[in-house]
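Structure data (mmCIF, N, CA and C atoms) from run_5.cif:
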```
data_work
loop_
_atom_site.label_atom_id
_atom_site.label_comp_id
_atom_site.auth_asym_id
_atom_site.auth_seq_id
_atom_site.Cartn_x
_atom_site.Cartn_y
_atom_site.Cartn_z
N MET A 1 -5.47 5.79 -20.77
CA MET A 1 -5.17 5.56 -19.37
C MET A 1 -4.57 4.16 -19.22
N ALA A 2 -3.62 4.04 -18.30
CA ALA A 2 -3.02 2.74 -18.03
C ALA A 2 -4.08 1.80 -17.48
N LYS A 3 -3.98 0.56 -17.87
CA LYS A 3 -4.93 -0.43 -17.38
C LYS A 3 -4.54 -0.94 -16.00
N LYS A 4 -3.28 -0.74 -15.63
CA LYS A 4 -2.79 -1.19 -14.34
C LYS A 4 -2.09 -0.02 -13.66
N LEU A 5 -2.23 0.03 -12.33
CA LEU A 5 -1.59 1.08 -11.56
C LEU A 5 -0.88 0.43 -10.38
N VAL A 6 0.42 0.71 -10.28
CA VAL A 6 1.23 0.24 -9.16
C VAL A 6 1.60 1.47 -8.34
N ILE A 7 1.25 1.44 -7.07
CA ILE A 7 1.53 2.57 -6.19
C ILE A 7 2.39 2.09 -5.03
N LYS A 8 3.52 2.74 -4.86
CA LYS A 8 4.38 2.46 -3.70
C LYS A 8 4.21 3.62 -2.73
N VAL A 9 3.79 3.30 -1.52
CA VAL A 9 3.64 4.33 -0.49
C VAL A 9 4.74 4.12 0.54
N THR A 10 5.56 5.15 0.72
CA THR A 10 6.69 5.07 1.63
C THR A 10 6.41 5.79 2.95
N ALA A 11 5.33 6.54 2.99
CA ALA A 11 5.00 7.38 4.14
C ALA A 11 3.92 6.74 4.99
N GLY A 12 4.00 7.01 6.27
CA GLY A 12 2.96 6.56 7.21
C GLY A 12 2.54 7.75 8.04
N ALA A 13 2.45 7.54 9.33
CA ALA A 13 2.08 8.61 10.24
C ALA A 13 3.12 9.73 10.26
N ASP A 14 4.33 9.43 9.78
CA ASP A 14 5.39 10.43 9.74
C ASP A 14 5.14 11.51 8.67
N ALA A 15 4.36 11.19 7.65
CA ALA A 15 4.00 12.14 6.58
C ALA A 15 2.55 11.85 6.19
N PRO A 16 1.61 12.23 7.06
CA PRO A 16 0.22 11.79 6.89
C PRO A 16 -0.45 12.23 5.59
N GLU A 17 -0.15 13.42 5.10
CA GLU A 17 -0.80 13.86 3.86
C GLU A 17 -0.34 13.02 2.67
N ARG A 18 0.93 12.76 2.59
CA ARG A 18 1.46 11.94 1.50
C ARG A 18 0.90 10.52 1.59
N CYS A 19 0.83 9.98 2.79
CA CYS A 19 0.28 8.65 3.00
C CYS A 19 -1.18 8.60 2.56
N SER A 20 -1.96 9.55 3.01
CA SER A 20 -3.38 9.58 2.67
C SER A 20 -3.59 9.74 1.17
N GLN A 21 -2.78 10.56 0.53
CA GLN A 21 -2.89 10.73 -0.93
C GLN A 21 -2.69 9.41 -1.65
N ALA A 22 -1.70 8.64 -1.24
CA ALA A 22 -1.43 7.36 -1.89
C ALA A 22 -2.61 6.41 -1.75
N PHE A 23 -3.12 6.28 -0.54
CA PHE A 23 -4.26 5.39 -0.32
C PHE A 23 -5.51 5.88 -1.05
N THR A 24 -5.72 7.20 -1.06
CA THR A 24 -6.89 7.77 -1.74
C THR A 24 -6.83 7.53 -3.23
N VAL A 25 -5.69 7.81 -3.85
CA VAL A 25 -5.53 7.59 -5.29
C VAL A 25 -5.73 6.11 -5.61
N ALA A 26 -5.16 5.24 -4.82
CA ALA A 26 -5.31 3.81 -5.06
C ALA A 26 -6.77 3.37 -4.94
N ALA A 27 -7.47 3.84 -3.92
CA ALA A 27 -8.87 3.46 -3.73
C ALA A 27 -9.76 4.01 -4.84
N VAL A 28 -9.51 5.23 -5.27
CA VAL A 28 -10.29 5.81 -6.37
C VAL A 28 -10.04 5.02 -7.65
N ALA A 29 -8.81 4.63 -7.88
CA ALA A 29 -8.50 3.84 -9.07
C ALA A 29 -9.22 2.49 -9.04
N VAL A 30 -9.23 1.83 -7.89
CA VAL A 30 -9.95 0.56 -7.76
C VAL A 30 -11.43 0.78 -8.06
N ALA A 31 -12.01 1.83 -7.49
CA ALA A 31 -13.43 2.13 -7.71
C ALA A 31 -13.71 2.44 -9.18
N SER A 32 -12.70 2.89 -9.90
CA SER A 32 -12.84 3.22 -11.32
C SER A 32 -12.58 2.02 -12.23
N GLY A 33 -12.30 0.88 -11.63
CA GLY A 33 -12.10 -0.33 -12.42
C GLY A 33 -10.67 -0.60 -12.84
N VAL A 34 -9.73 0.15 -12.29
CA VAL A 34 -8.32 -0.04 -12.63
C VAL A 34 -7.75 -1.19 -11.78
N ASP A 35 -6.87 -1.98 -12.37
CA ASP A 35 -6.16 -3.04 -11.67
C ASP A 35 -5.06 -2.36 -10.85
N VAL A 36 -5.21 -2.37 -9.52
CA VAL A 36 -4.32 -1.63 -8.63
C VAL A 36 -3.52 -2.58 -7.74
N SER A 37 -2.23 -2.27 -7.64
CA SER A 37 -1.33 -2.95 -6.72
C SER A 37 -0.70 -1.89 -5.83
N LEU A 38 -1.02 -1.91 -4.54
CA LEU A 38 -0.48 -0.95 -3.58
C LEU A 38 0.62 -1.63 -2.77
N TRP A 39 1.79 -1.00 -2.75
CA TRP A 39 2.94 -1.52 -2.01
C TRP A 39 3.17 -0.70 -0.76
N LEU A 40 3.22 -1.36 0.38
CA LEU A 40 3.49 -0.73 1.67
C LEU A 40 4.97 -0.86 1.97
N THR A 41 5.65 0.29 2.01
CA THR A 41 7.09 0.30 2.29
C THR A 41 7.38 1.36 3.34
N GLY A 42 8.56 1.31 3.91
CA GLY A 42 8.91 2.30 4.92
C GLY A 42 7.89 2.31 6.05
N GLU A 43 7.54 3.50 6.51
CA GLU A 43 6.62 3.63 7.65
C GLU A 43 5.20 3.15 7.34
N SER A 44 4.83 3.09 6.06
CA SER A 44 3.48 2.58 5.74
C SER A 44 3.38 1.08 5.98
N ALA A 45 4.52 0.42 6.16
CA ALA A 45 4.51 -1.03 6.42
C ALA A 45 3.64 -1.38 7.62
N TRP A 46 3.57 -0.49 8.58
CA TRP A 46 2.78 -0.75 9.78
C TRP A 46 1.30 -0.92 9.49
N PHE A 47 0.81 -0.38 8.36
CA PHE A 47 -0.61 -0.49 8.05
C PHE A 47 -0.99 -1.89 7.57
N ALA A 48 -0.02 -2.77 7.41
CA ALA A 48 -0.31 -4.17 7.11
C ALA A 48 -0.72 -4.93 8.37
N VAL A 49 -0.50 -4.35 9.54
CA VAL A 49 -0.80 -4.98 10.82
C VAL A 49 -2.25 -4.65 11.21
N PRO A 50 -3.02 -5.65 11.63
CA PRO A 50 -4.41 -5.38 12.02
C PRO A 50 -4.50 -4.27 13.07
N GLY A 51 -5.44 -3.35 12.85
CA GLY A 51 -5.70 -2.27 13.79
C GLY A 51 -4.85 -1.02 13.62
N ARG A 52 -3.73 -1.11 12.90
CA ARG A 52 -2.84 0.04 12.80
C ARG A 52 -3.43 1.16 11.94
N ALA A 53 -4.17 0.81 10.89
CA ALA A 53 -4.78 1.85 10.04
C ALA A 53 -5.79 2.67 10.84
N ALA A 54 -6.44 2.06 11.81
CA ALA A 54 -7.44 2.76 12.63
C ALA A 54 -6.79 3.83 13.51
N GLU A 55 -5.51 3.72 13.76
CA GLU A 55 -4.79 4.71 14.57
C GLU A 55 -4.42 5.96 13.77
N PHE A 56 -4.50 5.87 12.45
CA PHE A 56 -4.11 6.97 11.57
C PHE A 56 -5.21 8.02 11.53
N GLU A 57 -4.83 9.27 11.71
CA GLU A 57 -5.80 10.37 11.66
C GLU A 57 -5.27 11.50 10.79
N LEU A 58 -6.13 12.02 9.94
CA LEU A 58 -5.82 13.19 9.14
C LEU A 58 -7.12 13.93 8.87
N PRO A 59 -7.24 15.17 9.34
CA PRO A 59 -8.48 15.91 9.13
C PRO A 59 -8.83 16.02 7.64
N HIS A 60 -10.11 15.93 7.35
CA HIS A 60 -10.65 16.09 5.99
C HIS A 60 -10.19 15.01 5.03
N ALA A 61 -9.79 13.86 5.56
CA ALA A 61 -9.36 12.73 4.72
C ALA A 61 -10.27 11.54 5.00
N ALA A 62 -10.44 10.72 3.99
CA ALA A 62 -11.21 9.49 4.18
C ALA A 62 -10.50 8.62 5.21
N PRO A 63 -11.26 7.90 6.02
CA PRO A 63 -10.63 7.03 7.02
C PRO A 63 -9.75 5.96 6.35
N LEU A 64 -8.54 5.85 6.83
CA LEU A 64 -7.59 4.91 6.25
C LEU A 64 -8.10 3.46 6.28
N PRO A 65 -8.77 3.02 7.35
CA PRO A 65 -9.28 1.65 7.32
C PRO A 65 -10.26 1.41 6.17
N ASP A 66 -11.08 2.39 5.84
CA ASP A 66 -12.03 2.24 4.73
C ASP A 66 -11.29 2.13 3.40
N LEU A 67 -10.28 2.97 3.22
CA LEU A 67 -9.50 2.92 1.98
C LEU A 67 -8.78 1.58 1.85
N LEU A 68 -8.19 1.13 2.95
CA LEU A 68 -7.47 -0.14 2.94
C LEU A 68 -8.43 -1.30 2.65
N ASP A 69 -9.60 -1.27 3.24
CA ASP A 69 -10.59 -2.33 2.98
C ASP A 69 -10.97 -2.38 1.50
N SER A 70 -11.15 -1.22 0.88
CA SER A 70 -11.51 -1.21 -0.54
C SER A 70 -10.37 -1.74 -1.40
N LEU A 71 -9.15 -1.47 -1.00
CA LEU A 71 -7.99 -1.98 -1.73
C LEU A 71 -7.85 -3.50 -1.58
N LEU A 72 -8.11 -3.99 -0.40
CA LEU A 72 -8.04 -5.43 -0.18
C LEU A 72 -9.15 -6.15 -0.93
N ALA A 73 -10.30 -5.50 -1.07
CA ALA A 73 -11.44 -6.11 -1.75
C ALA A 73 -11.29 -6.09 -3.27
N GLY A 74 -10.68 -5.01 -3.80
CA GLY A 74 -10.67 -4.86 -5.26
C GLY A 74 -9.31 -4.77 -5.91
N GLY A 75 -8.26 -4.78 -5.12
CA GLY A 75 -6.90 -4.68 -5.67
C GLY A 75 -5.98 -5.64 -4.94
N ARG A 76 -4.69 -5.33 -4.96
CA ARG A 76 -3.70 -6.12 -4.25
C ARG A 76 -2.93 -5.20 -3.32
N VAL A 77 -2.64 -5.69 -2.13
CA VAL A 77 -1.83 -4.95 -1.16
C VAL A 77 -0.64 -5.83 -0.82
N THR A 78 0.55 -5.24 -0.96
CA THR A 78 1.79 -5.98 -0.72
C THR A 78 2.64 -5.25 0.29
N LEU A 79 3.17 -5.98 1.24
CA LEU A 79 4.13 -5.48 2.21
C LEU A 79 5.52 -5.86 1.73
N CYS A 80 6.39 -4.88 1.64
CA CYS A 80 7.77 -5.08 1.22
C CYS A 80 8.48 -6.08 2.15
N THR A 81 9.17 -7.04 1.56
CA THR A 81 9.86 -8.08 2.32
C THR A 81 10.86 -7.47 3.30
N GLN A 82 11.73 -6.58 2.84
CA GLN A 82 12.73 -5.99 3.72
C GLN A 82 12.10 -5.14 4.81
N CYS A 83 11.05 -4.40 4.45
CA CYS A 83 10.36 -3.54 5.43
C CYS A 83 9.71 -4.41 6.51
N ALA A 84 9.15 -5.53 6.10
CA ALA A 84 8.56 -6.47 7.06
C ALA A 84 9.64 -7.01 7.99
N ALA A 85 10.75 -7.43 7.43
CA ALA A 85 11.84 -8.01 8.22
C ALA A 85 12.39 -7.00 9.22
N ARG A 86 12.54 -5.74 8.80
CA ARG A 86 13.07 -4.71 9.71
C ARG A 86 12.13 -4.45 10.88
N ARG A 87 10.86 -4.79 10.71
CA ARG A 87 9.86 -4.58 11.76
C ARG A 87 9.45 -5.89 12.42
N ASP A 88 10.18 -6.95 12.12
CA ASP A 88 9.90 -8.28 12.66
C ASP A 88 8.47 -8.74 12.37
N LEU A 89 7.97 -8.43 11.16
CA LEU A 89 6.62 -8.83 10.75
C LEU A 89 6.71 -10.04 9.81
N THR A 90 5.83 -10.99 10.01
CA THR A 90 5.72 -12.15 9.14
C THR A 90 4.28 -12.27 8.67
N GLU A 91 4.00 -13.28 7.85
CA GLU A 91 2.65 -13.49 7.33
C GLU A 91 1.63 -13.61 8.45
N LYS A 92 2.02 -14.17 9.59
CA LYS A 92 1.07 -14.34 10.69
C LYS A 92 0.73 -13.02 11.39
N ASP A 93 1.52 -11.97 11.13
CA ASP A 93 1.31 -10.68 11.77
C ASP A 93 0.44 -9.72 10.97
N VAL A 94 0.20 -10.05 9.71
CA VAL A 94 -0.44 -9.07 8.83
C VAL A 94 -1.91 -9.41 8.56
N ILE A 95 -2.61 -8.41 8.08
CA ILE A 95 -4.02 -8.54 7.73
C ILE A 95 -4.19 -9.61 6.65
N GLU A 96 -5.25 -10.38 6.77
CA GLU A 96 -5.53 -11.39 5.76
C GLU A 96 -5.68 -10.70 4.40
N GLY A 97 -5.03 -11.25 3.41
CA GLY A 97 -5.08 -10.69 2.06
C GLY A 97 -3.86 -9.86 1.71
N VAL A 98 -3.06 -9.48 2.69
CA VAL A 98 -1.82 -8.75 2.42
C VAL A 98 -0.73 -9.77 2.15
N ARG A 99 -0.06 -9.62 1.02
CA ARG A 99 1.06 -10.52 0.72
C ARG A 99 2.37 -9.83 1.08
N ILE A 100 3.39 -10.61 1.29
CA ILE A 100 4.74 -10.08 1.51
C ILE A 100 5.56 -10.49 0.30
N ALA A 101 6.18 -9.50 -0.35
CA ALA A 101 6.97 -9.77 -1.55
C ALA A 101 8.08 -8.73 -1.65
N GLY A 102 9.07 -9.06 -2.48
CA GLY A 102 10.26 -8.23 -2.58
C GLY A 102 10.37 -7.41 -3.85
N ALA A 103 11.53 -6.80 -3.99
CA ALA A 103 11.79 -5.85 -5.07
C ALA A 103 11.61 -6.46 -6.45
N GLN A 104 11.95 -7.72 -6.63
CA GLN A 104 11.82 -8.33 -7.94
C GLN A 104 10.35 -8.36 -8.39
N VAL A 105 9.44 -8.57 -7.46
CA VAL A 105 8.01 -8.58 -7.80
C VAL A 105 7.55 -7.15 -8.10
N PHE A 106 8.02 -6.19 -7.31
CA PHE A 106 7.66 -4.79 -7.57
C PHE A 106 8.14 -4.37 -8.97
N VAL A 107 9.36 -4.67 -9.30
CA VAL A 107 9.91 -4.29 -10.61
C VAL A 107 9.11 -4.95 -11.72
N ARG A 108 8.79 -6.22 -11.57
CA ARG A 108 8.00 -6.92 -12.59
C ARG A 108 6.64 -6.25 -12.77
N GLU A 109 5.98 -5.91 -11.68
CA GLU A 109 4.67 -5.26 -11.77
C GLU A 109 4.79 -3.86 -12.37
N ALA A 110 5.76 -3.09 -11.92
CA ALA A 110 5.90 -1.70 -12.37
C ALA A 110 6.27 -1.60 -13.84
N LEU A 111 6.97 -2.59 -14.38
CA LEU A 111 7.42 -2.53 -15.77
C LEU A 111 6.53 -3.31 -16.73
N ALA A 112 5.43 -3.82 -16.23
CA ALA A 112 4.50 -4.56 -17.09
C ALA A 112 3.87 -3.63 -18.12
N ASP A 113 3.45 -4.21 -19.24
CA ASP A 113 2.78 -3.43 -20.28
C ASP A 113 1.52 -2.76 -19.73
N ASP A 114 1.21 -1.59 -20.26
CA ASP A 114 0.00 -0.84 -19.88
C ASP A 114 -0.07 -0.55 -18.39
N THR A 115 1.07 -0.29 -17.78
CA THR A 115 1.13 -0.03 -16.33
C THR A 115 1.72 1.34 -16.06
N GLN A 116 1.13 2.03 -15.11
CA GLN A 116 1.65 3.31 -14.61
C GLN A 116 2.07 3.07 -13.15
N ALA A 117 3.25 3.51 -12.81
CA ALA A 117 3.74 3.37 -11.44
C ALA A 117 3.87 4.75 -10.80
N LEU A 118 3.43 4.85 -9.55
CA LEU A 118 3.52 6.09 -8.77
C LEU A 118 4.19 5.78 -7.43
N VAL A 119 4.95 6.74 -6.94
CA VAL A 119 5.56 6.59 -5.63
C VAL A 119 5.19 7.80 -4.79
N TYR A 120 4.69 7.52 -3.59
CA TYR A 120 4.34 8.57 -2.63
C TYR A 120 5.23 8.45 -1.42
#
```
Will you turn the file into structure tokens for me?
Amino acid sequence: MAKKLVIKVTAGADAPERCSQAFTVAAVAVASGVDVSLWLTGESAWFAVPGRAAEFELPHAAPLPDLLDSLLAGGRVTLCTQCAARRDLTEKDVIEGVRIAGAQVFVREALADDTQALVY
């Protein structure tokens, strides 16, 4: 098994099942001791803003705020630089612990040794 997992989630409320799957897989990996980096891109970028995860609903799915909290506690959560800019989000707008970084950082993380990358 890869020692590191990089997950890019491109879906938000527009594709709730895909979004929930990404957060669930990431949270389970963190709970399993895997080094996880979750990237918020596209519509999932909004979940970097305080309170937005609480607005997400999907029947029979773990609450998104709980999954996000576990990721912030045990992994890394990154908001895509371009996605943030398109939504007029800056560091002062996002949840504490969420970093804003660009494609070069994603590529470096995704291509690191012993790393598996997934895109949802």
Work out how far apart CA of Phe106 (chain A) and CA of Val6 (chain A) are and give it in Å to one decimal.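 It comes out at 8.3 Å.
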Using only C-alpha atoms, can you tell me which of A:Leu68, A:Val30, A:Val94, A:Ala117 comes closest to Leu5 (chain A)? A:Ala117
What are the DSSP alpha helix (DSSP H) residues of region 25-100 of chain A, as a PyMOL selection string? chain A and resi 25-31+64-74+81-86
Could you tell me which residues the PyMOL selection byres ((chain A and resi 12-14) around 5) grabs in this file, written as a CSV table (one decimal) with N, CA and C atoms, in the coordinates of the input?
```csv
chain,number,residue,atom,x,y,z
A,10,THR,N,5.6,5.2,0.7
A,10,THR,CA,6.7,5.1,1.6
A,10,THR,C,6.4,5.8,3.0
A,11,ALA,N,5.3,6.5,3.0
A,11,ALA,CA,5.0,7.4,4.1
A,11,ALA,C,3.9,6.7,5.0
A,15,ALA,N,4.4,11.2,7.6
A,15,ALA,CA,4.0,12.1,6.6
A,15,ALA,C,2.6,11.8,6.2
A,16,PRO,N,1.6,12.2,7.1
A,16,PRO,CA,0.2,11.8,6.9
A,16,PRO,C,-0.4,12.2,5.6
A,43,GLU,N,7.5,3.5,6.5
A,43,GLU,CA,6.6,3.6,7.6
A,43,GLU,C,5.2,3.2,7.3
A,44,SER,N,4.8,3.1,6.1
A,44,SER,CA,3.5,2.6,5.7
A,44,SER,C,3.4,1.1,6.0
```
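If all atoms listed in the file are the atoms counted, then among A:His60, A:Ala26, A:Ala84, A:Lys4 the closest residue to Glu109 (chain A) is A:Lys4.
Note that atom C of Lys92 (chain A) and atom C of Asp69 (chain A) are 18.7 Å apart.
Here CA of Ser32 (chain A) and CA of Val98 (chain A) stand 21.3 Å from one another.
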What residues come out when you apply the PyMOL selection byres (((chain A and resi 103 and name CA) around 12) and name CA) to this file, written as a ChimeraX atom specification? /A:8,39-41,78-83,100-102,104-110
Which residue, A:Asp114, A:Gly74, A:Ile95, A:Ala85, has the smallest gap to Ala29 (chain A) when you use only N, CA and C atoms?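 Looking only at the distances to Ala29 (chain A), the closest residue turns out to be A:Gly74.
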Residues selected by the PyMOL selection byres ((chain A and resi 3) around 7), written as a compact mmCIF listing (two decimals) with N, CA and C atoms, keeping the file's coordinate frame:
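Full text of out.txt as output:
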```txt
# COMPACT_ATOMS: atom_id res chain seq x y z
N MET A 1 -5.47 5.79 -20.77
CA MET A 1 -5.17 5.56 -19.37
C MET A 1 -4.57 4.16 -19.22
N ALA A 2 -3.62 4.04 -18.30
CA ALA A 2 -3.02 2.74 -18.03
C ALA A 2 -4.08 1.80 -17.48
N LYS A 4 -3.28 -0.74 -15.63
CA LYS A 4 -2.79 -1.19 -14.34
C LYS A 4 -2.09 -0.02 -13.66
N LEU A 5 -2.23 0.03 -12.33
CA LEU A 5 -1.59 1.08 -11.56
C LEU A 5 -0.88 0.43 -10.38
N GLY A 33 -12.30 0.88 -11.63
CA GLY A 33 -12.10 -0.33 -12.42
C GLY A 33 -10.67 -0.60 -12.84
N VAL A 34 -9.73 0.15 -12.29
CA VAL A 34 -8.32 -0.04 -12.63
C VAL A 34 -7.75 -1.19 -11.78
N ASP A 35 -6.87 -1.98 -12.37
CA ASP A 35 -6.16 -3.04 -11.67
C ASP A 35 -5.06 -2.36 -10.85
N VAL A 36 -5.21 -2.37 -9.52
CA VAL A 36 -4.32 -1.63 -8.63
C VAL A 36 -3.52 -2.58 -7.74
N ASP A 113 3.45 -4.21 -19.24
CA ASP A 113 2.78 -3.43 -20.28
C ASP A 113 1.52 -2.76 -19.73
N ASP A 114 1.21 -1.59 -20.26
CA ASP A 114 0.00 -0.84 -19.88
C ASP A 114 -0.07 -0.55 -18.39
N THR A 115 1.07 -0.29 -17.78
CA THR A 115 1.13 -0.03 -16.33
C THR A 115 1.72 1.34 -16.06
N GLN A 116 1.13 2.03 -15.11
CA GLN A 116 1.65 3.31 -14.61
C GLN A 116 2.07 3.07 -13.15
```
Strand (DSSP E or B) positions in chain A, given as JSON, numbers by chain: {"A": [4, 5, 6, 7, 8, 9, 35, 36, 37, 38, 39, 40, 76, 77, 78, 79, 80, 98, 99, 100, 101, 115, 116, 117, 118, 119]}
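Each of A:Val49, A:Ala31, A:Ala112, A:Ala22 was checked against Gly75 (chain A) using only C-alpha atoms; the smallest atom-to-atom distance is that of A:Ala31.
With only C-alpha atoms as the atoms that count, the residue of A:Ile7, A:Val77, A:Val119, A:Ala61 with the shortest distance to Ala48 (chain A) is A:Val77.
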